[in-house]
Structures are given as C-alpha cells and as structure tokens.
>>> print(open('my_file_19.txt').read())   # compact mmCIF, N, CA and C atoms
# COMPACT_ATOMS: atom_id res chain seq x y z
N MET A 1 111.94 48.17 119.69
CA MET A 1 113.34 47.82 119.62
C MET A 1 113.56 46.49 120.33
N ALA A 2 114.28 45.61 119.69
CA ALA A 2 114.56 44.30 120.26
C ALA A 2 115.71 44.37 121.26
N ALA A 3 115.67 43.50 122.23
CA ALA A 3 116.75 43.42 123.22
C ALA A 3 117.80 42.42 122.73
N ALA A 4 119.03 42.70 123.03
CA ALA A 4 120.12 41.80 122.67
C ALA A 4 121.07 41.66 123.85
N ALA A 5 121.70 40.50 123.97
CA ALA A 5 122.62 40.27 125.09
C ALA A 5 123.72 39.31 124.65
N MET A 6 124.84 39.41 125.31
CA MET A 6 125.95 38.51 125.05
C MET A 6 125.81 37.21 125.85
N GLN A 7 125.09 37.25 126.97
CA GLN A 7 124.87 36.10 127.83
C GLN A 7 123.39 35.73 127.80
N PRO A 8 123.04 34.46 128.06
CA PRO A 8 121.63 34.09 128.15
C PRO A 8 120.95 34.86 129.29
N MET A 9 119.69 35.23 129.08
CA MET A 9 118.93 35.95 130.10
C MET A 9 117.57 35.29 130.30
N ALA A 10 117.07 35.40 131.49
CA ALA A 10 115.73 34.93 131.83
C ALA A 10 115.14 35.90 132.84
N THR A 11 113.83 36.02 132.82
CA THR A 11 113.16 36.88 133.79
C THR A 11 111.84 36.25 134.20
N SER A 12 111.48 36.44 135.45
CA SER A 12 110.23 35.92 135.99
C SER A 12 109.89 36.70 137.25
N PRO A 13 108.70 36.48 137.81
CA PRO A 13 108.34 37.20 139.03
C PRO A 13 108.97 36.64 140.31
N HIS A 14 109.77 35.58 140.20
CA HIS A 14 110.41 35.02 141.39
C HIS A 14 111.86 34.66 141.08
N PRO A 15 112.80 35.01 141.98
CA PRO A 15 114.22 34.76 141.70
C PRO A 15 114.59 33.29 141.50
N LEU A 16 113.92 32.37 142.18
CA LEU A 16 114.24 30.95 141.98
C LEU A 16 113.84 30.48 140.58
N ALA A 17 112.73 30.96 140.09
CA ALA A 17 112.30 30.61 138.74
C ALA A 17 113.24 31.23 137.71
N THR A 18 113.66 32.45 137.95
CA THR A 18 114.60 33.10 137.04
C THR A 18 115.91 32.32 136.99
N ARG A 19 116.39 31.89 138.15
CA ARG A 19 117.63 31.12 138.22
C ARG A 19 117.50 29.81 137.45
N ALA A 20 116.36 29.15 137.57
CA ALA A 20 116.13 27.89 136.86
C ALA A 20 116.17 28.11 135.35
N GLY A 21 115.52 29.17 134.88
CA GLY A 21 115.53 29.47 133.45
C GLY A 21 116.92 29.81 132.96
N ALA A 22 117.64 30.60 133.72
CA ALA A 22 119.01 30.97 133.33
C ALA A 22 119.92 29.74 133.31
N ASP A 23 119.74 28.83 134.26
CA ASP A 23 120.55 27.61 134.29
C ASP A 23 120.32 26.77 133.04
N VAL A 24 119.06 26.64 132.64
CA VAL A 24 118.75 25.88 131.42
C VAL A 24 119.43 26.52 130.22
N LEU A 25 119.35 27.82 130.09
CA LEU A 25 119.96 28.51 128.96
C LEU A 25 121.48 28.38 128.97
N GLN A 26 122.09 28.49 130.14
CA GLN A 26 123.54 28.39 130.24
C GLN A 26 124.04 26.99 129.89
N ARG A 27 123.21 25.99 130.06
CA ARG A 27 123.59 24.61 129.72
C ARG A 27 123.25 24.26 128.28
N GLY A 28 122.83 25.26 127.51
CA GLY A 28 122.57 25.04 126.09
C GLY A 28 121.13 24.75 125.74
N GLY A 29 120.23 24.90 126.68
CA GLY A 29 118.82 24.66 126.42
C GLY A 29 118.19 25.77 125.59
N THR A 30 117.02 25.50 125.09
CA THR A 30 116.30 26.48 124.28
C THR A 30 115.44 27.38 125.17
N ALA A 31 114.92 28.44 124.57
CA ALA A 31 114.05 29.34 125.31
C ALA A 31 112.78 28.61 125.77
N ALA A 32 112.28 27.69 124.95
CA ALA A 32 111.09 26.94 125.34
C ALA A 32 111.38 26.06 126.56
N GLU A 33 112.54 25.43 126.58
CA GLU A 33 112.91 24.60 127.72
C GLU A 33 113.09 25.45 128.99
N ALA A 34 113.65 26.63 128.83
CA ALA A 34 113.81 27.53 129.97
C ALA A 34 112.44 27.97 130.49
N ALA A 35 111.51 28.24 129.57
CA ALA A 35 110.17 28.64 129.99
C ALA A 35 109.46 27.53 130.76
N VAL A 36 109.64 26.30 130.33
CA VAL A 36 109.04 25.17 131.05
C VAL A 36 109.65 25.04 132.44
N ALA A 37 110.96 25.18 132.53
CA ALA A 37 111.62 25.10 133.84
C ALA A 37 111.14 26.21 134.76
N MET A 38 111.03 27.42 134.24
CA MET A 38 110.55 28.53 135.07
C MET A 38 109.11 28.31 135.48
N GLY A 39 108.29 27.80 134.57
CA GLY A 39 106.90 27.52 134.91
C GLY A 39 106.77 26.46 136.00
N ALA A 40 107.64 25.45 135.95
CA ALA A 40 107.60 24.40 136.97
C ALA A 40 107.96 24.96 138.34
N VAL A 41 108.98 25.81 138.38
CA VAL A 41 109.36 26.42 139.67
C VAL A 41 108.25 27.35 140.16
N LEU A 42 107.68 28.14 139.25
CA LEU A 42 106.60 29.05 139.66
C LEU A 42 105.39 28.30 140.19
N ALA A 43 105.13 27.12 139.65
CA ALA A 43 104.00 26.32 140.13
C ALA A 43 104.19 25.92 141.59
N VAL A 44 105.43 25.84 142.05
CA VAL A 44 105.72 25.48 143.44
C VAL A 44 105.78 26.71 144.33
N VAL A 45 106.52 27.72 143.89
CA VAL A 45 106.76 28.88 144.76
C VAL A 45 105.66 29.93 144.69
N MET A 46 104.91 29.97 143.60
CA MET A 46 103.82 30.94 143.44
C MET A 46 102.63 30.26 142.74
N PRO A 47 102.03 29.25 143.34
CA PRO A 47 100.98 28.51 142.65
C PRO A 47 99.77 29.37 142.26
N HIS A 48 99.56 30.44 143.00
CA HIS A 48 98.42 31.31 142.69
C HIS A 48 98.64 32.11 141.41
N PHE A 49 99.85 32.09 140.84
CA PHE A 49 100.14 32.78 139.58
C PHE A 49 100.16 31.83 138.40
N CYS A 50 99.92 30.56 138.60
CA CYS A 50 100.03 29.57 137.55
C CYS A 50 98.68 28.98 137.18
N GLY A 51 98.54 28.60 135.94
CA GLY A 51 97.34 27.93 135.48
C GLY A 51 96.28 28.89 134.97
N LEU A 52 95.14 28.33 134.66
CA LEU A 52 94.04 29.09 134.07
C LEU A 52 93.52 30.18 134.99
N ALA A 53 93.46 29.92 136.27
CA ALA A 53 92.94 30.91 137.21
C ALA A 53 93.82 32.15 137.28
N ALA A 54 95.09 32.01 136.98
CA ALA A 54 96.00 33.16 137.02
C ALA A 54 95.71 34.15 135.91
N THR A 55 95.07 33.69 134.85
CA THR A 55 94.76 34.56 133.72
C THR A 55 93.26 34.82 133.62
N ARG A 56 92.62 34.88 134.76
CA ARG A 56 91.15 34.97 134.75
C ARG A 56 90.60 36.26 134.18
N SER A 57 91.40 37.31 134.11
CA SER A 57 90.88 38.55 133.52
C SER A 57 90.58 38.31 132.05
N GLY A 58 89.40 38.63 131.65
CA GLY A 58 89.01 38.47 130.26
C GLY A 58 88.42 37.11 129.94
N LEU A 59 88.38 36.19 130.88
CA LEU A 59 87.87 34.86 130.60
C LEU A 59 86.41 34.68 130.99
N TRP A 60 85.93 35.45 131.95
CA TRP A 60 84.59 35.24 132.46
C TRP A 60 83.60 36.15 131.75
N PRO A 61 82.54 35.58 131.19
CA PRO A 61 81.56 36.42 130.50
C PRO A 61 80.78 37.29 131.50
N THR A 62 80.37 38.44 131.04
CA THR A 62 79.55 39.31 131.88
C THR A 62 78.08 38.95 131.64
N ALA A 63 77.20 39.68 132.27
CA ALA A 63 75.77 39.41 132.13
C ALA A 63 75.31 39.62 130.68
N THR A 64 75.97 40.51 129.96
CA THR A 64 75.63 40.75 128.56
C THR A 64 76.30 39.70 127.71
N VAL A 65 75.51 39.00 126.92
CA VAL A 65 76.05 37.92 126.09
C VAL A 65 77.08 38.48 125.11
N GLY A 66 78.18 37.77 124.99
CA GLY A 66 79.20 38.15 124.02
C GLY A 66 80.20 39.17 124.52
N ARG A 67 79.99 39.75 125.68
CA ARG A 67 80.92 40.74 126.20
C ARG A 67 81.81 40.08 127.25
N ARG A 68 83.04 40.49 127.28
CA ARG A 68 84.00 39.97 128.25
C ARG A 68 84.47 41.07 129.15
N ARG A 69 84.86 40.70 130.36
CA ARG A 69 85.42 41.69 131.30
C ARG A 69 86.80 42.07 130.88
>>> encode(input="my_file_19.txt", output="structure tokens")
Amino acid sequence: MAAAAMQPMATSPHPLATRAGADVLQRGGTAAEAAVAMGAVLAVVMPHFCGLAATRSGLWPTATVGRRR
C-alpha cells in the first residue's frame, strides 16, 4: 500500500537531515533535491552512515569465489 499525505514529508535517521529535506519540499523542491539535501546534512552529522563504507554489507567477497556476505 502506498503512503499519501497532504503535506510534504521527509524521513531520515537524524532530525536535522529530516528538517533539511522537509524544508526543500516545502519550498517547492523535488524529492531528488530533498534527498540530496538530507544526504549533505547526514554527511556532516553522521559521516559513518554515508558513502560506500556505510553499505558494506554484501560488498566484500568471501573466501569462496563468487559468493557475497
């Protein structure tokens, strides 16, 4: 089931990033622009959650060729 709302919404793991995304949407920005704004804030307030290292599960090969963790 899809979610619907009368007001723009944004969600993230940090309230400052969520606020940045919501501000972009309230000023008429697109969802992509809101996502970029939230990502920029997250890079500052939670750098350990941003970038390639944050998604390391499934990226590193195991000792068996062709298998992923």
>>> atom_distance(input="my_file_19.txt", atom1="atom CA of A:Ala43", atom2="atom CA of A:Thr30")
20.1 Å
>>> closest_residue(input="my_file_19.txt", among="A:Ala31, A:Val36, A:Leu25, A:Ala20", to="A:Pro8", atoms="all atoms listed in the file")
A:Leu25
>>> atom_distance(input="my_file_19.txt", atom1="atom CA of A:Cys50", atom2="atom CA of A:Arg19")
17.7 Å
>>> residues_near_point(input="my_file_19.txt", point="(114.0, 30.1, 134.8)", cutoff="8 Å", atoms="only N, CA and C atoms", output="ChimeraX atom specification")
/A:9-12,15-25,33-42
>>> atom_distance(input="my_file_19.txt", atom1="atom CA of A:Ala3", atom2="atom C of A:Val45")
27.7 Å
>>> decode(input="my_file_19.txt", residues="stretch 12-46 of chain A", atoms="N, CA, C and O atoms", output="PDB file, in the first residue's frame")
ATOM      1  N   SER A  12      14.538  10.536   7.829  1.00  0.00           N
ATOM      2  CA  SER A  12      15.949  10.172   7.829  1.00  0.00           C
ATOM      3  C   SER A  12      16.321   9.727   9.240  1.00  0.00           C
ATOM      4  O   SER A  12      15.532   9.901  10.167  1.00  0.00           O
ATOM      5  N   PRO A  13      17.536   9.199   9.417  1.00  0.00           N
ATOM      6  CA  PRO A  13      17.941   8.771  10.759  1.00  0.00           C
ATOM      7  C   PRO A  13      18.363   9.912  11.687  1.00  0.00           C
ATOM      8  O   PRO A  13      18.723   9.670  12.824  1.00  0.00           O
ATOM      9  N   HIS A  14      18.322  11.157  11.221  1.00  0.00           N
ATOM     10  CA  HIS A  14      18.707  12.281  12.077  1.00  0.00           C
ATOM     11  C   HIS A  14      17.729  13.436  11.875  1.00  0.00           C
ATOM     12  O   HIS A  14      17.377  13.767  10.737  1.00  0.00           O
ATOM     13  N   PRO A  15      17.273  14.069  12.968  1.00  0.00           N
ATOM     14  CA  PRO A  15      16.273  15.141  12.846  1.00  0.00           C
ATOM     15  C   PRO A  15      16.722  16.345  12.018  1.00  0.00           C
ATOM     16  O   PRO A  15      15.900  16.957  11.340  1.00  0.00           O
ATOM     17  N   LEU A  16      18.003  16.689  12.050  1.00  0.00           N
ATOM     18  CA  LEU A  16      18.459  17.830  11.247  1.00  0.00           C
ATOM     19  C   LEU A  16      18.382  17.528   9.751  1.00  0.00           C
ATOM     20  O   LEU A  16      18.036  18.389   8.943  1.00  0.00           O
ATOM     21  N   ALA A  17      18.697  16.311   9.380  1.00  0.00           N
ATOM     22  CA  ALA A  17      18.596  15.916   7.977  1.00  0.00           C
ATOM     23  C   ALA A  17      17.138  15.875   7.539  1.00  0.00           C
ATOM     24  O   ALA A  17      16.798  16.318   6.433  1.00  0.00           O
ATOM     25  N   THR A  18      16.276  15.384   8.405  1.00  0.00           N
ATOM     26  CA  THR A  18      14.850  15.355   8.090  1.00  0.00           C
ATOM     27  C   THR A  18      14.322  16.770   7.893  1.00  0.00           C
ATOM     28  O   THR A  18      13.565  17.043   6.959  1.00  0.00           O
ATOM     29  N   ARG A  19      14.726  17.683   8.757  1.00  0.00           N
ATOM     30  CA  ARG A  19      14.295  19.081   8.649  1.00  0.00           C
ATOM     31  C   ARG A  19      14.766  19.688   7.337  1.00  0.00           C
ATOM     32  O   ARG A  19      14.037  20.424   6.673  1.00  0.00           O
ATOM     33  N   ALA A  20      15.994  19.391   6.932  1.00  0.00           N
ATOM     34  CA  ALA A  20      16.524  19.921   5.673  1.00  0.00           C
ATOM     35  C   ALA A  20      15.712  19.412   4.488  1.00  0.00           C
ATOM     36  O   ALA A  20      15.359  20.179   3.587  1.00  0.00           O
ATOM     37  N   GLY A  21      15.393  18.128   4.491  1.00  0.00           N
ATOM     38  CA  GLY A  21      14.584  17.567   3.405  1.00  0.00           C
ATOM     39  C   GLY A  21      13.189  18.155   3.374  1.00  0.00           C
ATOM     40  O   GLY A  21      12.660  18.485   2.302  1.00  0.00           O
ATOM     41  N   ALA A  22      12.584  18.304   4.528  1.00  0.00           N
ATOM     42  CA  ALA A  22      11.240  18.886   4.596  1.00  0.00           C
ATOM     43  C   ALA A  22      11.254  20.339   4.133  1.00  0.00           C
ATOM     44  O   ALA A  22      10.330  20.780   3.437  1.00  0.00           O
ATOM     45  N   ASP A  23      12.297  21.084   4.489  1.00  0.00           N
ATOM     46  CA  ASP A  23      12.398  22.483   4.055  1.00  0.00           C
ATOM     47  C   ASP A  23      12.473  22.580   2.533  1.00  0.00           C
ATOM     48  O   ASP A  23      11.838  23.435   1.924  1.00  0.00           O
ATOM     49  N   VAL A  24      13.259  21.706   1.920  1.00  0.00           N
ATOM     50  CA  VAL A  24      13.365  21.707   0.456  1.00  0.00           C
ATOM     51  C   VAL A  24      11.997  21.431  -0.164  1.00  0.00           C
ATOM     52  O   VAL A  24      11.575  22.115  -1.103  1.00  0.00           O
ATOM     53  N   LEU A  25      11.287  20.450   0.345  1.00  0.00           N
ATOM     54  CA  LEU A  25       9.974  20.115  -0.199  1.00  0.00           C
ATOM     55  C   LEU A  25       8.965  21.243   0.004  1.00  0.00           C
ATOM     56  O   LEU A  25       8.176  21.544  -0.892  1.00  0.00           O
ATOM     57  N   GLN A  26       8.991  21.874   1.156  1.00  0.00           N
ATOM     58  CA  GLN A  26       8.056  22.969   1.430  1.00  0.00           C
ATOM     59  C   GLN A  26       8.313  24.178   0.540  1.00  0.00           C
ATOM     60  O   GLN A  26       7.405  24.946   0.265  1.00  0.00           O
ATOM     61  N   ARG A  27       9.528  24.333   0.068  1.00  0.00           N
ATOM     62  CA  ARG A  27       9.859  25.456  -0.823  1.00  0.00           C
ATOM     63  C   ARG A  27       9.659  25.092  -2.289  1.00  0.00           C
ATOM     64  O   ARG A  27      10.064  25.840  -3.177  1.00  0.00           O
ATOM     65  N   GLY A  28       9.063  23.931  -2.543  1.00  0.00           N
ATOM     66  CA  GLY A  28       8.748  23.544  -3.914  1.00  0.00           C
ATOM     67  C   GLY A  28       9.778  22.670  -4.589  1.00  0.00           C
ATOM     68  O   GLY A  28       9.695  22.416  -5.789  1.00  0.00           O
ATOM     69  N   GLY A  29      10.746  22.189  -3.851  1.00  0.00           N
ATOM     70  CA  GLY A  29      11.770  21.319  -4.425  1.00  0.00           C
ATOM     71  C   GLY A  29      11.242  19.927  -4.709  1.00  0.00           C
ATOM     72  O   GLY A  29      10.172  19.535  -4.252  1.00  0.00           O
ATOM     73  N   THR A  30      12.003  19.181  -5.464  1.00  0.00           N
ATOM     74  CA  THR A  30      11.623  17.813  -5.801  1.00  0.00           C
ATOM     75  C   THR A  30      12.129  16.834  -4.742  1.00  0.00           C
ATOM     76  O   THR A  30      12.944  17.194  -3.886  1.00  0.00           O
ATOM     77  N   ALA A  31      11.655  15.606  -4.832  1.00  0.00           N
ATOM     78  CA  ALA A  31      12.110  14.574  -3.907  1.00  0.00           C
ATOM     79  C   ALA A  31      13.610  14.326  -4.067  1.00  0.00           C
ATOM     80  O   ALA A  31      14.315  14.092  -3.080  1.00  0.00           O
ATOM     81  N   ALA A  32      14.111  14.405  -5.295  1.00  0.00           N
ATOM     82  CA  ALA A  32      15.548  14.207  -5.520  1.00  0.00           C
ATOM     83  C   ALA A  32      16.359  15.315  -4.852  1.00  0.00           C
ATOM     84  O   ALA A  32      17.403  15.057  -4.240  1.00  0.00           O
ATOM     85  N   GLU A  33      15.882  16.543  -4.948  1.00  0.00           N
ATOM     86  CA  GLU A  33      16.579  17.654  -4.300  1.00  0.00           C
ATOM     87  C   GLU A  33      16.548  17.515  -2.777  1.00  0.00           C
ATOM     88  O   GLU A  33      17.533  17.804  -2.101  1.00  0.00           O
ATOM     89  N   ALA A  34      15.431  17.056  -2.251  1.00  0.00           N
ATOM     90  CA  ALA A  34      15.331  16.830  -0.805  1.00  0.00           C
ATOM     91  C   ALA A  34      16.294  15.731  -0.372  1.00  0.00           C
ATOM     92  O   ALA A  34      16.929  15.830   0.674  1.00  0.00           O
ATOM     93  N   ALA A  35      16.408  14.678  -1.185  1.00  0.00           N
ATOM     94  CA  ALA A  35      17.317  13.589  -0.853  1.00  0.00           C
ATOM     95  C   ALA A  35      18.768  14.061  -0.841  1.00  0.00           C
ATOM     96  O   ALA A  35      19.554  13.662   0.033  1.00  0.00           O
ATOM     97  N   VAL A  36      19.128  14.917  -1.770  1.00  0.00           N
ATOM     98  CA  VAL A  36      20.492  15.461  -1.803  1.00  0.00           C
ATOM     99  C   VAL A  36      20.747  16.321  -0.570  1.00  0.00           C
ATOM    100  O   VAL A  36      21.810  16.232   0.059  1.00  0.00           O
ATOM    101  N   ALA A  37      19.776  17.145  -0.205  1.00  0.00           N
ATOM    102  CA  ALA A  37      19.926  17.985   0.991  1.00  0.00           C
ATOM    103  C   ALA A  37      20.072  17.133   2.241  1.00  0.00           C
ATOM    104  O   ALA A  37      20.928  17.401   3.097  1.00  0.00           O
ATOM    105  N   MET A  38      19.255  16.093   2.358  1.00  0.00           N
ATOM    106  CA  MET A  38      19.358  15.215   3.532  1.00  0.00           C
ATOM    107  C   MET A  38      20.687  14.487   3.542  1.00  0.00           C
ATOM    108  O   MET A  38      21.318  14.349   4.602  1.00  0.00           O
ATOM    109  N   GLY A  39      21.145  14.044   2.377  1.00  0.00           N
ATOM    110  CA  GLY A  39      22.440  13.373   2.307  1.00  0.00           C
ATOM    111  C   GLY A  39      23.587  14.281   2.708  1.00  0.00           C
ATOM    112  O   GLY A  39      24.530  13.850   3.374  1.00  0.00           O
ATOM    113  N   ALA A  40      23.500  15.553   2.321  1.00  0.00           N
ATOM    114  CA  ALA A  40      24.551  16.507   2.691  1.00  0.00           C
ATOM    115  C   ALA A  40      24.593  16.718   4.196  1.00  0.00           C
ATOM    116  O   ALA A  40      25.674  16.751   4.797  1.00  0.00           O
ATOM    117  N   VAL A  41      23.424  16.841   4.811  1.00  0.00           N
ATOM    118  CA  VAL A  41      23.391  17.010   6.269  1.00  0.00           C
ATOM    119  C   VAL A  41      23.888  15.741   6.960  1.00  0.00           C
ATOM    120  O   VAL A  41      24.662  15.807   7.919  1.00  0.00           O
ATOM    121  N   LEU A  42      23.461  14.582   6.468  1.00  0.00           N
ATOM    122  CA  LEU A  42      23.907  13.323   7.082  1.00  0.00           C
ATOM    123  C   LEU A  42      25.417  13.148   6.975  1.00  0.00           C
ATOM    124  O   LEU A  42      26.043  12.572   7.867  1.00  0.00           O
ATOM    125  N   ALA A  43      26.006  13.641   5.899  1.00  0.00           N
ATOM    126  CA  ALA A  43      27.460  13.536   5.746  1.00  0.00           C
ATOM    127  C   ALA A  43      28.192  14.304   6.842  1.00  0.00           C
ATOM    128  O   ALA A  43      29.313  13.962   7.202  1.00  0.00           O
ATOM    129  N   VAL A  44      27.550  15.328   7.397  1.00  0.00           N
ATOM    130  CA  VAL A  44      28.159  16.119   8.465  1.00  0.00           C
ATOM    131  C   VAL A  44      27.833  15.548   9.838  1.00  0.00           C
ATOM    132  O   VAL A  44      28.721  15.373  10.673  1.00  0.00           O
ATOM    133  N   VAL A  45      26.559  15.252  10.070  1.00  0.00           N
ATOM    134  CA  VAL A  45      26.151  14.843  11.414  1.00  0.00           C
ATOM    135  C   VAL A  45      26.321  13.351  11.676  1.00  0.00           C
ATOM    136  O   VAL A  45      26.408  12.928  12.828  1.00  0.00           O
ATOM    137  N   MET A  46      26.349  12.542  10.635  1.00  0.00           N
ATOM    138  CA  MET A  46      26.529  11.085  10.788  1.00  0.00           C
ATOM    139  C   MET A  46      27.431  10.563   9.664  1.00  0.00           C
ATOM    140  O   MET A  46      26.993   9.758   8.839  1.00  0.00           O
TER     141      MET A  46
END
